[in-house]
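J.: This is the content of upload_21.txt (compact mmCIF, C-alpha atoms):
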```
# COMPACT_ATOMS: atom_id res chain seq x y z
CA MET F 663 19.33 -19.17 15.22
CA SER F 664 19.39 -17.67 18.69
CA GLY F 665 22.16 -15.42 19.97
CA PRO F 666 23.16 -12.82 22.52
CA TRP F 667 21.16 -10.15 20.70
CA SER F 668 17.82 -8.64 21.63
CA ILE F 669 15.22 -7.06 19.34
CA VAL F 670 14.74 -4.31 21.90
CA GLU F 671 18.41 -3.36 21.57
CA THR F 672 17.86 -2.58 17.88
CA SER F 673 14.91 -0.24 18.57
CA ALA F 674 14.40 3.27 19.92
CA PHE F 675 13.80 1.68 23.32
CA ASP F 676 17.61 1.47 23.49
CA PRO F 677 19.48 4.81 23.83
CA VAL F 678 22.32 3.72 21.53
CA ALA F 679 20.07 2.36 18.78
CA ARG F 680 17.83 5.40 19.15
CA VAL F 681 20.66 7.61 17.86
CA ASP F 682 21.92 5.11 15.27
CA PRO F 683 20.34 1.66 14.87
CA HIS F 684 22.29 0.72 11.76
CA GLY F 685 25.49 -0.56 13.38
CA ARG F 686 23.71 -3.20 15.42
CA LEU F 687 21.45 -4.14 12.54
CA LYS F 688 24.47 -4.61 10.27
CA GLU F 689 26.09 -6.91 12.83
CA LEU F 690 22.89 -8.93 13.12
CA ARG F 691 22.45 -9.16 9.36
CA GLU F 692 26.02 -10.46 9.00
CA GLN F 693 26.09 -12.85 11.96
CA CYS F 694 22.52 -13.85 12.72
CA PRO F 695 20.17 -12.77 9.90
CA VAL F 696 17.33 -14.93 11.22
CA LEU F 697 17.24 -14.33 14.97
CA ARG F 698 15.00 -16.01 17.51
CA ASP F 699 14.64 -13.69 20.52
CA GLU F 700 13.14 -16.21 22.92
CA PRO F 701 12.49 -13.84 25.86
CA VAL F 702 10.04 -11.90 23.68
CA LYS F 703 9.03 -14.96 21.60
CA THR F 704 9.69 -13.25 18.29
CA TRP F 705 11.80 -13.83 15.17
CA LEU F 706 13.75 -10.92 13.66
CA LEU F 707 14.68 -10.93 9.97
CA THR F 708 17.41 -8.56 8.73
CA ARG F 709 18.33 -9.72 5.19
CA TYR F 710 16.55 -8.18 2.21
CA ALA F 711 15.67 -11.54 0.66
CA GLU F 712 13.82 -12.90 3.71
CA VAL F 713 12.26 -9.56 4.56
CA ARG F 714 10.89 -8.99 1.06
CA GLU F 715 9.64 -12.58 0.79
CA THR F 716 7.90 -12.31 4.17
CA VAL F 717 6.16 -8.95 3.65
CA ASN F 718 4.94 -10.08 0.22
CA ASP F 719 3.56 -13.41 1.50
CA ARG F 720 -0.23 -13.09 1.61
CA SER F 721 -0.64 -16.39 3.44
CA LEU F 722 0.83 -14.99 6.68
CA TRP F 723 -1.33 -13.39 9.33
CA ARG F 724 -1.06 -9.69 10.15
CA HIS F 725 -3.00 -9.31 13.40
CA TRP F 726 -0.86 -9.77 16.50
CA THR F 727 -3.65 -11.64 18.34
CA HIS F 728 -2.79 -14.68 16.21
CA ALA F 729 0.65 -14.74 17.85
CA GLU F 730 1.57 -16.97 20.76
CA GLU F 731 1.33 -15.63 24.30
CA GLY F 732 4.33 -13.53 25.26
CA ALA F 733 5.15 -12.30 21.74
CA LEU F 734 6.56 -8.76 21.79
CA LEU F 735 3.93 -6.94 19.74
CA ARG F 736 1.15 -8.79 21.55
CA ARG F 737 2.58 -7.60 24.87
CA MET F 738 2.49 -4.00 23.64
CA ASP F 739 -1.30 -4.12 23.26
CA SER F 740 -2.43 -2.50 26.49
CA ASP F 741 -5.87 -4.15 26.45
CA PRO F 742 -5.94 -7.14 24.03
CA ASP F 743 -9.36 -8.35 25.18
CA ALA F 744 -11.13 -5.02 24.72
CA PRO F 745 -13.76 -4.93 21.95
CA ARG F 746 -12.45 -3.00 18.96
CA VAL F 747 -12.88 -2.26 15.30
CA ASP F 748 -9.53 -2.86 13.61
CA SER F 749 -8.04 -0.78 10.84
CA ILE F 750 -6.58 -2.23 7.67
CA LEU F 751 -3.16 -1.94 9.33
CA SER F 752 -3.91 -5.10 11.31
CA MET F 753 -6.82 -6.76 9.50
CA ASP F 754 -6.57 -10.22 7.99
CA GLU F 755 -8.55 -11.67 5.10
CA PRO F 756 -11.31 -11.55 4.11
CA ASP F 757 -11.98 -8.32 6.01
CA HIS F 758 -8.73 -6.69 4.89
CA SER F 759 -9.64 -6.75 1.19
CA ARG F 760 -13.28 -5.91 1.90
CA VAL F 761 -12.26 -2.67 3.60
CA ARG F 762 -8.96 -1.78 1.93
CA LEU F 763 -9.95 -2.08 -1.72
CA PRO F 764 -12.77 0.51 -1.74
CA LEU F 765 -10.85 2.79 0.62
CA ALA F 766 -7.70 2.64 -1.52
CA LYS F 767 -9.62 3.26 -4.75
CA ALA F 768 -11.31 6.35 -3.31
CA PHE F 769 -8.15 7.60 -1.56
CA TYR F 770 -5.90 7.29 -4.62
CA ALA F 771 -8.45 8.96 -6.89
CA ARG F 772 -8.76 11.80 -4.41
CA ILE F 773 -4.96 12.23 -4.14
CA ASN F 774 -4.59 12.34 -7.92
CA ALA F 775 -7.36 14.89 -8.27
CA MET F 776 -5.95 17.09 -5.49
CA LYS F 777 -2.24 16.90 -6.29
CA PRO F 778 -1.97 20.63 -7.18
CA GLN F 779 -3.85 21.56 -3.99
CA ILE F 780 -1.62 19.30 -1.87
CA GLU F 781 1.49 20.89 -3.37
CA ALA F 782 0.05 24.35 -2.73
CA ILE F 783 -0.46 23.45 0.95
CA VAL F 784 3.18 22.35 1.18
CA ASP F 785 4.31 25.64 -0.39
CA GLU F 786 2.12 27.68 1.94
CA VAL F 787 3.55 26.02 5.06
CA ILE F 788 7.15 26.48 3.89
CA ASP F 789 6.58 30.07 2.80
CA ALA F 790 5.35 30.89 6.32
CA ALA F 791 8.69 29.83 7.88
CA PRO F 792 10.86 32.81 8.91
CA ARG F 793 13.75 33.99 6.78
CA GLY F 794 17.07 34.68 8.44
CA ALA F 795 16.03 33.42 11.87
CA PRO F 796 16.32 29.94 13.37
CA PHE F 797 13.18 27.82 13.25
CA ASP F 798 12.27 24.23 14.07
CA LEU F 799 11.86 22.39 10.80
CA ILE F 800 9.90 19.61 12.52
CA GLY F 801 7.36 21.75 14.37
CA ASP F 802 7.05 24.53 11.80
CA VAL F 803 7.17 22.54 8.56
CA ALA F 804 7.27 18.74 8.82
CA ILE F 805 4.38 18.34 11.28
CA PRO F 806 1.82 20.71 9.72
CA ILE F 807 2.32 19.61 6.10
CA PRO F 808 0.80 16.09 6.34
CA ILE F 809 -1.88 17.15 8.82
CA LEU F 810 -3.11 20.03 6.65
CA ALA F 811 -2.91 17.92 3.50
CA ILE F 812 -5.02 15.08 4.91
CA ALA F 813 -7.42 17.63 6.38
CA ALA F 814 -8.01 19.05 2.90
CA ILE F 815 -8.40 15.56 1.40
CA LEU F 816 -10.95 14.56 4.04
CA GLY F 817 -12.92 17.78 3.67
CA VAL F 818 -12.17 19.49 6.98
CA GLU F 819 -13.33 23.11 6.93
CA ARG F 820 -10.34 25.45 6.78
CA GLU F 821 -11.47 27.33 9.86
CA ARG F 822 -11.23 24.06 11.81
CA PHE F 823 -7.71 23.13 10.66
CA ARG F 824 -6.25 24.30 13.97
CA GLU F 825 -8.57 22.08 16.03
CA PHE F 826 -7.99 19.21 13.65
CA ARG F 827 -4.23 19.53 14.06
CA GLU F 828 -4.57 19.52 17.87
CA TRP F 829 -6.72 16.39 17.81
CA SER F 830 -4.39 14.70 15.32
CA GLU F 831 -1.23 15.40 17.31
CA ALA F 832 -2.93 14.15 20.46
CA SER F 833 -4.07 10.93 18.78
CA ILE F 834 -0.56 10.17 17.51
CA LEU F 835 0.49 9.66 21.14
CA GLY F 836 -1.25 6.30 20.85
CA LEU F 837 1.78 4.99 18.96
CA ASN F 838 3.97 5.39 22.06
CA PRO F 839 3.65 2.43 24.47
CA LEU F 840 5.72 4.37 27.04
CA ARG F 841 3.46 7.40 27.17
CA SER F 842 2.73 9.02 30.52
CA ALA F 843 -0.68 9.08 32.19
CA GLU F 844 -1.09 12.69 31.06
CA GLU F 845 -0.22 11.75 27.48
CA THR F 846 -2.68 8.86 27.58
CA GLU F 847 -5.38 11.25 28.75
CA ARG F 848 -4.54 13.66 25.92
CA MET F 849 -4.51 10.79 23.40
CA GLU F 850 -7.95 9.62 24.50
CA TRP F 851 -9.25 13.19 24.28
CA GLY F 852 -7.90 13.63 20.75
CA SER F 853 -9.21 10.26 19.58
CA ALA F 854 -12.67 10.99 20.95
CA LYS F 855 -12.70 14.41 19.29
CA LEU F 856 -11.72 12.92 15.94
CA THR F 857 -14.36 10.19 16.22
CA ASP F 858 -17.04 12.75 16.97
CA TYR F 859 -15.86 14.99 14.16
CA PHE F 860 -15.78 12.19 11.57
CA THR F 861 -19.30 11.20 12.66
CA GLU F 862 -20.40 14.81 12.21
CA LEU F 863 -18.81 15.05 8.75
CA MET F 864 -20.27 11.74 7.57
CA THR F 865 -23.76 12.84 8.59
CA ALA F 866 -23.29 16.20 6.89
CA ARG F 867 -21.99 14.64 3.64
CA ARG F 868 -24.90 12.23 3.45
CA ALA F 869 -27.23 15.22 3.58
CA GLN F 870 -25.11 17.44 1.34
CA PRO F 871 -22.28 15.84 -0.67
CA ALA F 872 -19.04 17.75 -1.18
CA ASP F 873 -15.85 17.25 -3.17
CA ASP F 874 -13.85 15.29 -0.57
CA LEU F 875 -12.91 11.83 0.68
CA ILE F 876 -15.61 11.71 3.37
CA THR F 877 -18.23 12.14 0.64
CA ASP F 878 -16.52 9.46 -1.44
CA MET F 879 -16.71 7.00 1.46
CA VAL F 880 -20.37 7.57 2.39
CA GLN F 881 -21.30 7.35 -1.29
CA LEU F 882 -19.48 4.03 -1.52
CA GLN F 883 -21.54 2.84 1.44
CA ALA F 884 -24.73 4.04 -0.21
CA GLY F 885 -23.71 2.19 -3.39
CA GLY F 886 -23.44 -1.10 -1.53
CA ALA F 887 -19.84 -1.25 -0.33
CA PRO F 888 -19.93 -3.46 2.81
CA LEU F 889 -18.36 -0.88 5.15
CA SER F 890 -19.75 0.02 8.55
CA ASP F 891 -19.59 3.57 9.89
CA ASP F 892 -17.17 2.38 12.56
CA GLU F 893 -14.87 0.89 9.91
CA VAL F 894 -14.89 4.13 7.93
CA ARG F 895 -14.11 6.19 11.03
CA VAL F 896 -11.38 3.87 12.30
CA ASN F 897 -9.63 3.70 8.94
CA LEU F 898 -9.79 7.44 8.35
CA SER F 899 -8.19 7.85 11.78
CA ALA F 900 -5.54 5.27 10.83
CA LEU F 901 -4.75 7.19 7.64
CA LEU F 902 -4.39 10.29 9.73
CA ILE F 903 -2.29 8.90 12.58
CA GLY F 904 -0.01 6.55 10.65
CA GLY F 905 0.45 8.83 7.66
CA ASN F 906 1.06 12.03 9.56
CA LEU F 907 3.85 10.79 11.82
CA THR F 908 5.69 8.91 9.10
CA THR F 909 5.49 11.74 6.56
CA THR F 910 6.72 14.20 9.18
CA ASP F 911 9.69 11.91 9.77
CA LEU F 912 10.29 11.40 6.05
CA ILE F 913 10.55 15.17 5.53
CA GLY F 914 12.59 15.75 8.69
CA ASN F 915 15.00 12.87 8.06
CA GLY F 916 15.40 13.99 4.46
CA VAL F 917 16.33 17.56 5.27
CA TRP F 918 18.72 16.37 7.99
CA LEU F 919 20.42 13.97 5.56
CA LEU F 920 20.77 16.56 2.81
CA LEU F 921 22.20 19.18 5.15
CA ASN F 922 24.70 16.61 6.43
CA HIS F 923 25.62 15.52 2.88
CA PRO F 924 26.31 18.79 1.06
CA GLU F 925 27.48 17.02 -2.09
CA GLU F 926 24.04 15.37 -2.41
CA LEU F 927 22.27 18.64 -1.66
CA ALA F 928 24.35 20.29 -4.40
CA LYS F 929 23.09 17.66 -6.85
CA LEU F 930 19.49 18.43 -5.88
CA LYS F 931 19.94 22.19 -6.16
CA ALA F 932 21.56 21.80 -9.57
CA ASP F 933 18.74 19.56 -10.77
CA PRO F 934 15.45 19.88 -8.85
CA GLY F 935 14.17 17.07 -11.03
CA LEU F 936 16.10 14.74 -8.73
CA ALA F 937 13.63 15.39 -5.89
CA GLY F 938 11.73 12.16 -6.55
CA ALA F 939 14.94 10.11 -6.57
CA ALA F 940 16.07 11.91 -3.40
CA VAL F 941 12.85 10.88 -1.64
CA GLU F 942 13.42 7.23 -2.59
CA GLU F 943 16.99 7.34 -1.28
CA ILE F 944 15.84 8.95 1.97
CA LEU F 945 13.27 6.18 2.37
CA ARG F 946 15.95 3.56 1.77
CA TYR F 947 18.68 5.12 3.88
CA GLU F 948 16.76 6.51 6.86
CA GLY F 949 13.15 5.43 6.47
CA PRO F 950 10.57 6.57 9.02
CA VAL F 951 9.26 3.04 9.75
CA ALA F 952 11.75 0.59 11.22
CA ILE F 953 9.82 -2.68 11.15
CA THR F 954 6.67 -4.45 10.15
CA ASN F 955 5.32 -7.71 11.51
CA ARG F 956 3.64 -10.93 10.44
CA VAL F 957 2.52 -14.11 12.22
CA ILE F 958 3.43 -17.56 10.88
CA SER F 959 0.35 -19.45 9.69
CA ASP F 960 1.86 -22.86 8.88
CA GLU F 961 4.99 -24.96 9.29
CA ARG F 962 7.78 -23.47 7.17
CA THR F 963 11.48 -22.72 6.92
CA VAL F 964 12.74 -19.17 6.56
CA GLY F 965 16.43 -18.50 5.95
CA GLY F 966 17.19 -22.07 6.97
CA CYS F 967 15.31 -21.82 10.29
CA PRO F 968 12.16 -23.82 11.03
CA MET F 969 9.20 -21.70 12.08
CA HIS F 970 5.88 -22.82 13.52
CA PRO F 971 2.29 -21.56 13.44
CA ARG F 972 1.54 -18.63 15.77
CA GLN F 973 5.18 -17.56 15.97
CA SER F 974 5.61 -13.80 15.55
CA VAL F 975 8.03 -12.41 12.96
CA ILE F 976 9.39 -8.87 12.87
CA THR F 977 11.04 -7.79 9.63
CA SER F 978 13.64 -5.03 9.91
CA LEU F 979 12.97 -2.66 7.02
CA HIS F 980 16.02 -0.62 8.03
CA ALA F 981 18.35 -3.63 7.88
CA ALA F 982 16.91 -4.90 4.59
CA ASN F 983 17.34 -1.50 2.97
CA ARG F 984 21.08 -1.55 3.72
CA ASP F 985 21.76 -5.12 2.62
CA PRO F 986 24.99 -5.13 0.54
CA GLU F 987 23.69 -8.15 -1.38
CA VAL F 988 21.14 -5.81 -2.95
CA PHE F 989 22.41 -2.24 -2.62
CA GLU F 990 25.91 -1.25 -3.72
CA GLU F 991 27.73 0.61 -0.92
CA PRO F 992 24.52 0.57 1.15
CA ASP F 993 25.85 2.86 3.91
CA ARG F 994 26.48 5.65 1.40
CA PHE F 995 23.72 8.25 0.92
CA ASP F 996 23.44 8.86 -2.83
CA ILE F 997 20.39 10.49 -4.43
CA THR F 998 21.57 9.43 -7.92
CA ARG F 999 21.88 5.78 -6.91
CA LYS F 1000 20.72 3.22 -9.46
CA HIS F 1001 17.16 2.40 -8.47
CA VAL F 1002 16.54 -0.91 -6.72
CA PRO F 1003 13.16 -1.37 -4.98
CA HIS F 1004 13.42 -0.68 -1.26
CA VAL F 1005 11.04 -2.02 1.36
CA ALA F 1006 10.49 1.19 3.35
CA PHE F 1007 6.72 0.92 2.79
CA GLY F 1008 6.55 -2.81 3.54
CA GLY F 1009 5.01 -4.92 0.81
CA GLY F 1010 2.31 -7.28 -0.34
CA SER F 1011 -1.34 -6.62 0.36
CA HIS F 1012 -0.37 -4.57 3.42
CA ILE F 1013 1.98 -2.19 1.61
CA CYS F 1014 1.54 1.31 3.06
CA ILE F 1015 -1.69 2.76 1.67
CA GLY F 1016 -0.39 6.30 2.21
CA ALA F 1017 2.80 5.85 0.17
CA PRO F 1018 1.66 7.87 -2.89
CA LEU F 1019 0.59 10.81 -0.71
CA ALA F 1020 3.81 10.73 1.33
CA ARG F 1021 5.87 10.81 -1.87
CA ILE F 1022 3.97 13.83 -3.22
CA GLU F 1023 4.35 15.75 0.05
CA ALA F 1024 8.02 14.92 0.57
CA LYS F 1025 9.01 15.64 -3.04
CA GLN F 1026 7.29 19.02 -2.98
CA ALA F 1027 8.66 19.84 0.48
CA LEU F 1028 12.27 19.25 -0.58
CA THR F 1029 11.80 21.17 -3.81
CA ARG F 1030 10.13 24.20 -2.26
CA LEU F 1031 12.26 24.30 0.90
CA PHE F 1032 15.57 24.63 -0.93
CA GLN F 1033 14.07 27.07 -3.43
CA ARG F 1034 12.90 29.38 -0.65
CA PHE F 1035 15.96 28.79 1.55
CA PRO F 1036 18.91 28.13 -0.81
CA ASP F 1037 21.34 28.71 2.07
CA LEU F 1038 19.48 26.59 4.62
CA GLU F 1039 21.80 25.26 7.32
CA LEU F 1040 21.70 23.48 10.66
CA ALA F 1041 21.48 26.02 13.46
CA GLY F 1042 21.02 24.21 16.76
CA ASP F 1043 22.28 21.33 18.83
CA PRO F 1044 22.43 17.87 17.28
CA PRO F 1045 18.88 16.54 16.95
CA THR F 1046 17.29 14.43 19.64
CA TRP F 1047 15.85 11.25 18.14
CA ARG F 1048 12.42 10.29 19.43
CA ALA F 1049 12.20 7.39 21.87
CA LEU F 1050 9.31 5.91 19.90
CA PRO F 1051 9.90 2.21 19.26
CA PHE F 1052 9.92 1.00 15.68
CA PHE F 1053 9.78 4.50 14.19
CA ARG F 1054 12.66 6.77 13.17
CA GLY F 1055 12.36 10.52 13.54
CA MET F 1056 13.52 13.60 15.41
CA GLU F 1057 11.84 15.60 18.12
CA ALA F 1058 13.19 18.85 16.68
CA LEU F 1059 15.59 20.05 13.97
CA VAL F 1060 16.64 23.69 14.27
CA VAL F 1061 17.66 25.29 10.97
CA ARG F 1062 18.28 28.78 9.64
CA GLY F 1063 17.54 30.03 6.14
```
What is this file in structure tokens?

T.:
Amino acid sequence: MSGPWSIVETSAFDPVARVDPHGRLKELREQCPVLRDEPVKTWLLTRYAEVRETVNDRSLWRHWTHAEEGALLRRMDSDPDAPRVDSILSMDEPDHSRVRLPLAKAFYARINAMKPQIEAIVDEVIDAAPRGAPFDLIGDVAIPIPILAIAAILGVERERFREFREWSEASILGLNPLRSAEETERMEWGSAKLTDYFTELMTARRAQPADDLITDMVQLQAGGAPLSDDEVRVNLSALLIGGNLTTTDLIGNGVWLLLNHPEELAKLKADPGLAGAAVEEILRYEGPVAITNRVISDERTVGGCPMHPRQSVITSLHAANRDPEVFEEPDRFDITRKHVPHVAFGGGSHICIGAPLARIEAKQALTRLFQRFPDLELAGDPPTWRALPFFRGMEALVVRG
């Protein structure tokens, strides 16, 4: 079904949706749950049933280059014909499984082994925040936590954490299609620095193994895993860029929600064991990733609408996670809500590879933050939401503890 709606008007491109996208998404879900936005040649799905079915369907394509000319996400690729090595975020089969499976096995084993160290990093960052004075929760807590955690997992030397954070923050600018020329220059600088550094670390670990993910990856290569050096580097960078921004937003959105819902914060303070459930409700209610995409690979009908090969489909994770057909009182934030699986991490073979790490970091951040600052409160102007399309997070969140 087509209508007077536009996908862009549900994203952070639009100043109203940037502050609160949920009103428009609710209207779409109720009136036009399968929308064809012809000007950008893209379908938008907003009901949980169609979204979950689509993200779990392994027969659909992931890479936007399969989409017809003029499709929104294809337009956002600044240089679609440039030679590139793709990350697992956009790979299709058989390359996706070839690269993802060994990477995921090594990454998850490393996370499990380092869980106490990751939690200690979270505590260290929070303990460094000032008592009694306003501070920016985003810049002082939510940004450094995921960067320092992934640095430790990769095996970055502690004395180089500062450089690594600078390169990481610069590279994340690549997610913004509206970046300035200066930001593009900084992004390219950061990306080049990370590539050089990963090359340096891989060479060093081949000569002298260490207890880190870089060593795990080069040892997998040596053991016969069909991974090129470029694929290792690109996917380590993807872990870094995608995971850092979204975990920052998960922590920031979570603290903002709890401070604006004192009755839920009181539940958490009374029972810190609810931290895991709180993280799941934050992901459902105000998840850091707004959409994911697929490309139709065959003739099919979705939600009663015929779709054709090469048509692009965007699934609204935000809309699906507030579908009243699935979630009771979906617009109510409730950390003791009966658990129903949300789709904040997508699904299927492309489900977010960093989800277990994000959960560990966010759970520990909420627990430690409200232990150290039991009287934490909002202390500045209302937050400014980032104008970064298809993501949900704040530029700053001033608090006082």

J.: For segment 887-906 of chain F, take all atoms listed in the file, fit an axis-aligned box around them, add 4 Å to each of the six sides, then output centre and edge lengths in Å rounded to one decimal, as JSON.

T.:
```
{"center_x": -9.4, "center_y": 4.3, "center_z": 6.1, "size_x": 29.0, "size_y": 23.5, "size_z": 20.9}
```

J.: Give me, as a count of residues only, all polymer residues having an atom no more than 8 Å from Ile976 of chain F, counting all atoms listed in the file and skipping those fewer than 4 positions away in the same chain.

T.: 8

J.: Counting all atoms listed in the file, what is within 7 Å of Val880 of chain F, bar same-chain residues fewer than 3 positions away, as a count of residues only?

T.: 6

J.: Applying 10 Å and all atoms listed in the file, which residues near Ser749 of chain F remain after dropping the ones on its own chain fewer than 2 positions away? List them as a PDB file with C-alpha atoms, keeping the file's coordinate frame.

T.:
```pdb
ATOM      1  CA  ARG F 746     -12.450  -3.000  18.960  1.00  0.00           C
ATOM      2  CA  VAL F 747     -12.880  -2.260  15.300  1.00  0.00           C
ATOM      3  CA  LEU F 751      -3.160  -1.940   9.330  1.00  0.00           C
ATOM      4  CA  SER F 752      -3.910  -5.100  11.310  1.00  0.00           C
ATOM      5  CA  MET F 753      -6.820  -6.760   9.500  1.00  0.00           C
ATOM      6  CA  ASP F 754      -6.570 -10.220   7.990  1.00  0.00           C
ATOM      7  CA  ASP F 757     -11.980  -8.320   6.010  1.00  0.00           C
ATOM      8  CA  HIS F 758      -8.730  -6.690   4.890  1.00  0.00           C
ATOM      9  CA  VAL F 761     -12.260  -2.670   3.600  1.00  0.00           C
ATOM     10  CA  ARG F 762      -8.960  -1.780   1.930  1.00  0.00           C
ATOM     11  CA  ASP F 892     -17.170   2.380  12.560  1.00  0.00           C
ATOM     12  CA  GLU F 893     -14.870   0.890   9.910  1.00  0.00           C
ATOM     13  CA  VAL F 894     -14.890   4.130   7.930  1.00  0.00           C
ATOM     14  CA  ARG F 895     -14.110   6.190  11.030  1.00  0.00           C
ATOM     15  CA  VAL F 896     -11.380   3.870  12.300  1.00  0.00           C
ATOM     16  CA  ASN F 897      -9.630   3.700   8.940  1.00  0.00           C
ATOM     17  CA  LEU F 898      -9.790   7.440   8.350  1.00  0.00           C
ATOM     18  CA  SER F 899      -8.190   7.850  11.780  1.00  0.00           C
ATOM     19  CA  ALA F 900      -5.540   5.270  10.830  1.00  0.00           C
ATOM     20  CA  LEU F 901      -4.750   7.190   7.640  1.00  0.00           C
TER      21      LEU F 901
END
```

J.: For each of F:Asn915, F:Thr908, F:Thr865, F:Ser673, take the minimum atom-to-atom distance to Met1056 of chain F, counting only C-alpha atoms, then give the residue where this is smallest.

T.: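 Selected residue with least distance to Met1056 of chain F: F:Asn915.
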
J.: Pick the closest to Leu810 of chain F from F:Leu912, F:Val917, F:Ala782, F:Leu690: which is it, counting only C-alpha atoms?

T.: F:Ala782

J.: Can you list, as number ranges by chain, every protein, DNA or RNA residue that comes within 9 Å of Phe989 of chain F when you count all atoms listed in the file, leaving out same-chain residues fewer than 5 positions away?

T.: F: 983-984, 1000, 1002

J.: For the selection just defined, write its residues with C-alpha atoms to a file, as a tab-separated table (two decimals), in the frame of the given file.

T.:
```tsv
chain	number	residue	atom	x	y	z
F	983	ASN	CA	17.34	-1.50	2.97
F	984	ARG	CA	21.08	-1.55	3.72
F	1000	LYS	CA	20.72	3.22	-9.46
F	1002	VAL	CA	16.54	-0.91	-6.72
```

J.: Between F:Met849, F:Leu920, F:Met969, F:Val702, which residue has the minimum interatomic distance to Arg737 of chain F, considering all atoms listed in the file?

T.: F:Val702

J.: Taking only C-alpha atoms into account, name the residue in F:Arg720, F:Arg793, F:Arg848, F:Arg1030 that is nearest to Val1061 of chain F.

T.: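 Closest candidate: F:Arg793.
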
J.: Can you put all heavy atoms back into segment 766-771 of chain F and show it as a short mmCIF file (atom, residue, chain, number, x, y, z; two decimals), in the coordinates of the input?

T.:
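Okay, out_29.cif is ready:
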```cif
data_model
loop_
_atom_site.label_atom_id
_atom_site.label_comp_id
_atom_site.auth_asym_id
_atom_site.auth_seq_id
_atom_site.Cartn_x
_atom_site.Cartn_y
_atom_site.Cartn_z
N ALA F 766 -8.86 2.29 -0.70
CA ALA F 766 -7.70 2.64 -1.52
C ALA F 766 -8.14 3.27 -2.84
O ALA F 766 -7.54 4.26 -3.29
CB ALA F 766 -6.85 1.40 -1.78
N LYS F 767 -9.16 2.72 -3.47
CA LYS F 767 -9.62 3.26 -4.75
C LYS F 767 -10.06 4.72 -4.59
O LYS F 767 -9.68 5.59 -5.38
CB LYS F 767 -10.77 2.41 -5.29
CG LYS F 767 -11.26 2.85 -6.66
CD LYS F 767 -12.35 1.93 -7.18
CE LYS F 767 -12.84 2.38 -8.56
NZ LYS F 767 -13.92 1.50 -9.08
N ALA F 768 -10.83 4.99 -3.54
CA ALA F 768 -11.31 6.35 -3.31
C ALA F 768 -10.16 7.28 -2.92
O ALA F 768 -10.07 8.43 -3.38
CB ALA F 768 -12.38 6.35 -2.22
N PHE F 769 -9.26 6.79 -2.06
CA PHE F 769 -8.15 7.60 -1.56
C PHE F 769 -7.21 7.97 -2.69
O PHE F 769 -6.80 9.14 -2.83
CB PHE F 769 -7.43 6.80 -0.47
CG PHE F 769 -6.35 7.55 0.25
CD1 PHE F 769 -6.54 8.84 0.73
CD2 PHE F 769 -5.11 6.95 0.47
CE1 PHE F 769 -5.54 9.51 1.41
CE2 PHE F 769 -4.10 7.62 1.15
CZ PHE F 769 -4.32 8.91 1.62
N TYR F 770 -6.85 7.01 -3.54
CA TYR F 770 -5.90 7.29 -4.62
C TYR F 770 -6.51 8.23 -5.66
O TYR F 770 -5.82 9.12 -6.18
CB TYR F 770 -5.43 5.99 -5.27
CG TYR F 770 -4.62 5.11 -4.34
CD1 TYR F 770 -4.55 3.73 -4.53
CD2 TYR F 770 -3.93 5.65 -3.27
CE1 TYR F 770 -3.81 2.92 -3.67
CE2 TYR F 770 -3.18 4.85 -2.41
CZ TYR F 770 -3.13 3.49 -2.61
OH TYR F 770 -2.40 2.70 -1.76
N ALA F 771 -7.79 8.05 -5.95
CA ALA F 771 -8.45 8.96 -6.89
C ALA F 771 -8.47 10.37 -6.34
O ALA F 771 -8.25 11.36 -7.06
CB ALA F 771 -9.87 8.47 -7.19
#
```
